[in-house]
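Data first, discussion second: the structure below is written as structure tokens.
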Amino acid sequence: MNSEATAHSSEYALNRRVIPVSPNSFYAYLQTVLLGLKGMRIEDSVREVIDQLARVHVELNKFCEDFRVLGNHLNNSRSKYEEAQKRLDTVSDKLAQIEGVVQPNPPPRLP
């Protein structure tokens with residue numbers, strides 16, 4: 001009769017979608033589920049870090065573009081400064097030539 005009761009209990013449990021297991025097996029199963037949940041949590045954290053890195057990458061690209069534009073402006077400014085310096089030197093030389101022609105030599109001193 002004991003085997004009939006066991007068979008009946010097993011059949012009843014399976015009909016109810018319950019699998020009878022020992023406490024040790026159930027504990028091992030719960031540990032496996034726990035590891036899976038921890039893995040999912042780590043996966044979510046990794047996904048969040050990757051998303052944040054993507055946002056930082058976009059910001060870095062914007063900064064690089066601004067930095068490149070600033071460098072171009074500085075190069076253009078330096079170039080224009082050098083051009084203006086050359087023009088100033090040219091105008092100064094011409095002005096010195098004009099001053100040399102316009103101003104007569106001072107009269108010699110008498111002894």
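A note on labels: chains of the structure tokens are A, B, ... as shown, every chain counts residues from 1, and ligands are counted from 1 in their shown order.
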Just list the residues in chain A DSSP gives alpha helix (DSSP H) on the backbone, as a PyMOL selection string.
chain A and resi 2-15+23-102
With C-alpha atoms retained, export the selected residues as a compact mmCIF listing (two decimals), in the first residue's frame.
# COMPACT_ATOMS: atom_id res chain seq x y z
CA ASN A 2 2.91 2.27 0.61
CA SER A 3 3.94 2.17 -3.04
CA GLU A 4 0.37 2.91 -4.08
CA ALA A 5 0.28 5.95 -1.83
CA THR A 6 3.61 7.13 -3.23
CA ALA A 7 2.41 6.62 -6.81
CA HIS A 8 -0.83 8.43 -6.01
CA SER A 9 1.08 11.31 -4.35
CA SER A 10 3.48 11.58 -7.29
CA GLU A 11 0.61 11.55 -9.79
CA TYR A 12 -1.30 14.16 -7.76
CA ALA A 13 1.81 16.41 -7.56
CA LEU A 14 2.55 16.14 -11.29
CA ASN A 15 -1.07 16.92 -12.15
CA PRO A 23 15.57 19.82 0.34
CA ASN A 24 19.16 19.58 -0.91
CA SER A 25 18.06 19.52 -4.56
CA PHE A 26 15.68 22.41 -3.95
CA TYR A 27 18.47 24.43 -2.28
CA ALA A 28 20.80 23.77 -5.24
CA TYR A 29 18.02 24.88 -7.61
CA LEU A 30 17.47 28.08 -5.62
CA GLN A 31 21.22 28.79 -5.68
CA THR A 32 21.17 28.43 -9.46
CA VAL A 33 18.23 30.82 -9.73
CA LEU A 34 20.05 33.27 -7.43
CA LEU A 35 23.16 33.16 -9.63
CA GLY A 36 21.01 33.79 -12.68
CA LEU A 37 19.38 36.81 -11.04
CA LYS A 38 22.76 38.19 -10.01
CA GLY A 39 23.94 37.73 -13.59
CA MET A 40 20.91 39.65 -14.85
CA ARG A 41 21.59 42.45 -12.38
CA ILE A 42 25.22 42.63 -13.51
CA GLU A 43 24.06 42.63 -17.13
CA ASP A 44 21.75 45.57 -16.39
CA SER A 45 24.61 47.43 -14.71
CA VAL A 46 26.89 46.75 -17.67
CA ARG A 47 24.20 47.97 -20.06
CA GLU A 48 23.84 51.18 -18.02
CA VAL A 49 27.61 51.74 -18.03
CA ILE A 50 27.71 51.20 -21.79
CA ASP A 51 24.88 53.72 -22.25
CA GLN A 52 26.73 56.27 -20.12
CA LEU A 53 29.92 55.67 -22.09
CA ALA A 54 27.99 56.26 -25.32
CA ARG A 55 26.74 59.61 -23.96
CA VAL A 56 30.27 60.56 -22.91
CA HIS A 57 31.50 59.60 -26.39
CA VAL A 58 28.96 61.95 -27.98
CA GLU A 59 30.04 64.77 -25.66
CA LEU A 60 33.70 64.07 -26.42
CA ASN A 61 33.01 64.25 -30.15
CA LYS A 62 31.27 67.62 -29.69
CA PHE A 63 34.21 68.89 -27.62
CA CYS A 64 36.71 67.65 -30.22
CA GLU A 65 34.82 69.51 -32.94
CA ASP A 66 34.75 72.71 -30.84
CA PHE A 67 38.45 72.28 -30.08
CA ARG A 68 39.23 71.83 -33.79
CA VAL A 69 37.27 74.97 -34.67
CA LEU A 70 39.07 76.90 -31.94
CA GLY A 71 42.43 75.71 -33.29
CA ASN A 72 41.46 76.88 -36.77
CA HIS A 73 40.47 80.28 -35.37
CA LEU A 74 43.77 80.57 -33.52
CA ASN A 75 45.72 79.63 -36.67
CA ASN A 76 43.75 82.17 -38.70
CA SER A 77 44.34 84.83 -36.03
CA ARG A 78 48.07 84.13 -35.99
CA SER A 79 48.20 84.25 -39.78
CA LYS A 80 46.32 87.55 -39.92
CA TYR A 81 48.53 88.98 -37.14
CA GLU A 82 51.65 88.09 -39.13
CA GLU A 83 50.16 89.64 -42.29
CA ALA A 84 49.28 92.82 -40.39
CA GLN A 85 52.78 92.92 -38.87
CA LYS A 86 54.32 92.76 -42.36
CA ARG A 87 52.03 95.55 -43.59
CA LEU A 88 52.89 97.65 -40.56
CA ASP A 89 56.60 97.14 -41.23
CA THR A 90 56.09 98.08 -44.89
CA VAL A 91 54.13 101.23 -43.99
CA SER A 92 56.71 102.16 -41.34
CA ASP A 93 59.54 101.76 -43.88
CA LYS A 94 57.68 103.90 -46.43
CA LEU A 95 56.95 106.53 -43.79
CA ALA A 96 60.62 106.59 -42.81
CA GLN A 97 61.58 107.04 -46.46
CA ILE A 98 59.09 109.90 -46.81
CA GLU A 99 60.37 111.55 -43.64
CA GLY A 100 63.93 111.30 -44.95
CA VAL A 101 62.95 113.05 -48.19
CA VAL A 102 60.74 115.70 -46.61
